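What follows is a short report on a single structure.
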Amino acid sequence: MRFVDRTEAGRLLARRLEHLRGRDVVVLGLAPGGMPAAREVARHLGAALDVLVVRALGVPWQPELAFGAVGEQGMRVLDDDVIRHVALAAEDQRAVERAERAEVARLTRRYRGERAPEPVAGRTVVVTDEGMADGVTASAACRAVRARGAVHVLLAVPVAPERALARLCPVADQVVCLQPLRHLGSVGAWYRSFP
């Protein structure tokens with residue numbers, strides 16, 4: 001199944017999350033791609049909506065291969081297996097991390113301005129994205145909201161590879177994926193419109 005766009009994917013996700021309607025829920029969209037889907041989920045559930053900025057740390061000579069992720073409030077997750085496998089030098093790691101932390105700060109200002117993040121302590125949090133390739137960014141996002149005190153963390157994505165979904169079980173209480181795939185290719189390939 002290909003989705004028309006991120007908004008349609010969000011509407012379809014919202015139907016799968018109907019059991020959360022009426023609860024104290026915060027929907028966090030991973031910026032920028034996860035926001036259209038998150039907006040639809042929050043609207044359908046009558047939930048609070050906020051942005052969560054997390055950036056993958058890509059291997060310099062193969063940027064689509066993530067060796068970790070960074071996000072708001074100093075959040076950092078590294079994948080030691082990838083770092084060892086590609087023999088990534090510490091100075092290369094630091095250079096990528098500096099650049100991505102600057103982008104986290106820029107995007108946070110752009111999407112939230114001076115407004116404080118929506119409180120998540122003691123609440124159910126739905127982390128939403130347009131899809132996921134390796135799960136590194138989603139894992140970092142789930143860990144970040146858990147560290148901020150969320151009592152139940154649910155990851156909701158329209159499309160993802162099965163192996164990445166399995167990796168999220170230790171960090172999310174529940175994972176909802178409309179289109180789990182053996183082979184993903186790219187997230188954008190599963191949308192007719194993916195600007």
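Just remember, in the structure tokens the first chain shown is A, the second B, etc., residues are 1-based per chain, and ligands are 1-based in the order shown.
Inside range 87-186 of chain A, the residues DSSP reads as strand (DSSP E or B) when given the backbone are Thr124, Val125, Val126, Val127, Thr128, His152, Val153, Leu154, Leu155, Ala156, Val157, Pro158, Val159, Ala160, Pro161, Gln174, Val175, Val176, Cys177, Leu178, Gln179, Pro180 and Leu181 of chain A.
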Determine, counting only C-alpha atoms, which protein, DNA and RNA residues have an atom within 12 Å of an atom of Arg84 in chain A; residues of the same chain fewer than 6 positions away are not included. Present the result as number ranges by chain. A: 59, 67, 78, 90, 93
For Val41 in chain A, find every residue with an atom within 9 Å (counting only C-alpha atoms), except residues of its own chain fewer than 5 positions away, and show them as a ChimeraX atom specification. /A:10-15,17,27,36,46-47,49,126,128
Limited to all heavy atoms, could you put the picked residues into a file as a tab-separated table (two decimals), in the first residue's frame?
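Written out: result22.tsv:
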```tsv
chain	number	residue	atom	x	y	z
A	10	GLY	N	-1.30	9.91	8.47
A	10	GLY	CA	-1.69	10.28	9.82
A	10	GLY	C	-3.13	9.93	10.13
A	10	GLY	O	-3.44	9.45	11.24
A	11	ARG	N	-4.01	10.13	9.17
A	11	ARG	CA	-5.43	9.76	9.39
A	11	ARG	C	-5.57	8.26	9.60
A	11	ARG	O	-6.34	7.81	10.46
A	11	ARG	CB	-6.28	10.19	8.20
A	11	ARG	CG	-6.53	11.66	8.13
A	11	ARG	CD	-7.51	12.01	7.01
A	11	ARG	NE	-7.39	13.41	6.71
A	11	ARG	CZ	-6.95	13.90	5.55
A	11	ARG	NH1	-6.63	13.10	4.56
A	11	ARG	NH2	-6.83	15.20	5.38
A	12	LEU	N	-4.83	7.48	8.82
A	12	LEU	CA	-4.89	6.03	8.96
A	12	LEU	C	-4.29	5.58	10.30
A	12	LEU	O	-4.82	4.68	10.95
A	12	LEU	CB	-4.17	5.35	7.80
A	12	LEU	CG	-4.82	5.56	6.43
A	12	LEU	CD1	-3.92	5.05	5.31
A	12	LEU	CD2	-6.19	4.87	6.38
A	13	LEU	N	-3.21	6.22	10.72
A	13	LEU	CA	-2.63	5.91	12.03
A	13	LEU	C	-3.62	6.24	13.15
A	13	LEU	O	-3.76	5.49	14.11
A	13	LEU	CB	-1.34	6.70	12.25
A	13	LEU	CG	-0.06	6.13	11.69
A	13	LEU	CD1	1.07	7.13	11.87
A	13	LEU	CD2	0.29	4.81	12.34
A	14	ALA	N	-4.29	7.38	13.01
A	14	ALA	CA	-5.24	7.81	14.04
A	14	ALA	C	-6.33	6.76	14.27
A	14	ALA	O	-6.72	6.51	15.41
A	14	ALA	CB	-5.87	9.15	13.65
A	15	ARG	N	-6.78	6.15	13.20
A	15	ARG	CA	-7.80	5.09	13.35
A	15	ARG	C	-7.28	3.91	14.16
A	15	ARG	O	-8.01	3.30	14.94
A	15	ARG	CB	-8.27	4.61	11.98
A	15	ARG	CG	-9.08	5.63	11.25
A	15	ARG	CD	-9.62	5.06	9.95
A	15	ARG	NE	-9.97	6.14	9.06
A	15	ARG	CZ	-9.83	6.11	7.75
A	15	ARG	NH1	-9.35	5.04	7.15
A	15	ARG	NH2	-10.17	7.14	7.02
A	17	LEU	N	-5.18	4.12	16.50
A	17	LEU	CA	-4.91	4.57	17.87
A	17	LEU	C	-6.18	5.00	18.60
A	17	LEU	O	-6.11	5.64	19.65
A	17	LEU	CB	-3.89	5.72	17.82
A	17	LEU	CG	-2.56	5.37	17.19
A	17	LEU	CD1	-1.71	6.62	16.99
A	17	LEU	CD2	-1.82	4.34	18.03
A	27	VAL	N	0.84	13.89	21.66
A	27	VAL	CA	1.36	13.39	20.39
A	27	VAL	C	2.55	14.25	20.02
A	27	VAL	O	2.43	15.47	19.92
A	27	VAL	CB	0.29	13.43	19.28
A	27	VAL	CG1	0.87	12.92	17.96
A	27	VAL	CG2	-0.93	12.60	19.69
A	36	PRO	N	3.03	16.33	9.87
A	36	PRO	CA	1.69	16.20	9.27
A	36	PRO	C	0.91	15.00	9.82
A	36	PRO	O	-0.28	15.11	10.11
A	36	PRO	CB	1.97	16.05	7.78
A	36	PRO	CG	3.29	16.72	7.58
A	36	PRO	CD	4.07	16.42	8.84
A	46	GLY	N	-8.07	14.19	20.00
A	46	GLY	CA	-8.31	15.31	20.90
A	46	GLY	C	-7.15	15.46	21.88
A	46	GLY	O	-7.35	15.80	23.05
A	47	ALA	N	-5.95	15.20	21.42
A	47	ALA	CA	-4.76	15.19	22.27
A	47	ALA	C	-3.91	16.43	22.06
A	47	ALA	O	-4.02	17.11	21.05
A	47	ALA	CB	-3.93	13.93	21.95
A	49	LEU	N	-0.54	18.38	21.10
A	49	LEU	CA	0.41	18.16	20.00
A	49	LEU	C	1.65	19.00	20.23
A	49	LEU	O	1.57	20.16	20.62
A	49	LEU	CB	-0.23	18.58	18.67
A	49	LEU	CG	0.67	18.60	17.43
A	49	LEU	CD1	1.14	17.19	17.08
A	49	LEU	CD2	-0.06	19.22	16.26
A	126	VAL	N	2.60	9.55	22.33
A	126	VAL	CA	2.64	8.90	21.02
A	126	VAL	C	3.69	9.64	20.19
A	126	VAL	O	3.52	10.80	19.86
A	126	VAL	CB	1.28	8.96	20.31
A	126	VAL	CG1	1.37	8.31	18.92
A	126	VAL	CG2	0.20	8.30	21.15
A	128	THR	N	5.38	10.08	16.73
A	128	THR	CA	4.92	9.82	15.37
A	128	THR	C	5.94	10.32	14.35
A	128	THR	O	6.49	11.40	14.51
A	128	THR	CB	3.57	10.55	15.13
A	128	THR	OG1	2.67	10.18	16.16
A	128	THR	CG2	2.98	10.17	13.79
```
Measure the distance from CA of Arg43 in chain A to CA of Val153 in chain A in Å and round it to one decimal.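 Computing it gives 18.6 Å between the two atoms.
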Just the residues within 9 Å of Ala172 in chain A, please, counting only C-alpha atoms, with nothing from its chain fewer than 3 positions along; format it as a PyMOL selection string. chain A and resi 139+142-143+146+152-155+168-169+175
Could you check which of A:Val51, A:Met35, A:Val176, A:Val86 is closest to Arg6 in chain A, using only C-alpha atoms?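 Checking each candidate against Arg6 in chain A, we get A:Met35 as the closest.
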Neighbour list for range 113-115 of chain A as a compact mmCIF listing (two decimals) with N, CA and C atoms, in the first residue's frame, cut-off 12 Å, only C-alpha atoms, skip fewer than 6 positions in-chain:
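Dumped everything to selection.txt:
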```
# COMPACT_ATOMS: atom_id res chain seq x y z
N ASP A 50 2.80 18.40 20.00
CA ASP A 50 4.06 19.14 20.07
C ASP A 50 5.03 18.51 19.08
N VAL A 51 6.14 19.19 18.91
CA VAL A 51 7.20 18.74 18.02
C VAL A 51 8.31 18.13 18.87
N ALA A 105 19.12 22.70 17.35
CA ALA A 105 18.81 24.01 17.93
C ALA A 105 18.04 24.88 16.93
N ARG A 106 18.46 24.88 15.67
CA ARG A 106 17.80 25.69 14.64
C ARG A 106 16.35 25.23 14.45
N LEU A 107 16.16 23.92 14.31
CA LEU A 107 14.81 23.40 14.08
C LEU A 107 13.91 23.60 15.30
```
Would you kindly return, as a ChimeraX atom specification, each protein, DNA or RNA residue with an atom no farther than 10 Å from any atom of Gly149 in chain A, considering only C-alpha atoms and excluding same-chain residues fewer than 3 positions away? /A:119-125,144-146,152-153
Quick one: residues within 8 Å of range 156-167 of chain A, only C-alpha atoms, excluding same-chain residues fewer than 6 positions away - as a ChimeraX atom specification? /A:9-10,13,126-135,175-184,187,190
Please dump the current selection as an mmCIF file, in the first residue's frame; keep C-alpha atoms.
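What follows is the written file result-v1.cif:
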```cif
data_model
loop_
_atom_site.group_PDB
_atom_site.id
_atom_site.type_symbol
_atom_site.label_atom_id
_atom_site.label_comp_id
_atom_site.auth_asym_id
_atom_site.auth_seq_id
_atom_site.Cartn_x
_atom_site.Cartn_y
_atom_site.Cartn_z
ATOM 1 C CA ALA A 9 -0.916 8.344 6.637
ATOM 2 C CA GLY A 10 -1.694 10.283 9.823
ATOM 3 C CA LEU A 13 -2.631 5.907 12.033
ATOM 4 C CA VAL A 126 2.645 8.902 21.023
ATOM 5 C CA VAL A 127 5.844 9.489 19.043
ATOM 6 C CA THR A 128 4.919 9.824 15.367
ATOM 7 C CA ASP A 129 7.041 9.942 12.236
ATOM 8 C CA GLU A 130 6.520 9.577 8.481
ATOM 9 C CA GLY A 131 8.232 6.190 8.608
ATOM 10 C CA MET A 132 11.542 4.786 9.702
ATOM 11 C CA ALA A 133 14.441 3.123 7.982
ATOM 12 C CA ASP A 134 16.743 1.899 10.750
ATOM 13 C CA GLY A 135 14.955 2.961 13.938
ATOM 14 C CA VAL A 175 4.759 -0.008 18.363
ATOM 15 C CA VAL A 176 2.069 0.602 15.746
ATOM 16 C CA CYS A 177 3.050 0.328 12.089
ATOM 17 C CA LEU A 178 0.524 0.318 9.253
ATOM 18 C CA GLN A 179 2.917 -1.252 6.741
ATOM 19 C CA PRO A 180 5.636 -3.474 8.254
ATOM 20 C CA LEU A 181 7.919 -4.608 5.454
ATOM 21 C CA ARG A 182 10.633 -7.188 5.000
ATOM 22 C CA HIS A 183 12.515 -4.775 2.708
ATOM 23 C CA LEU A 184 11.781 -1.061 2.945
ATOM 24 C CA VAL A 187 10.482 5.735 3.255
ATOM 25 C CA TRP A 190 5.847 4.469 -0.010
#
```
Would you compute the distance between CA of Pro32 in chain A and CA of Arg110 in chain A? Give it in Å to one decimal.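 Separation of CA of Pro32 in chain A and CA of Arg110 in chain A: 10.4 Å.
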Which of chain A end up as alpha helix (DSSP H) when DSSP is run on this backbone - answer as a PyMOL selection string? chain A and resi 6-16+35-45+80-86+90-112+136-147+162-168
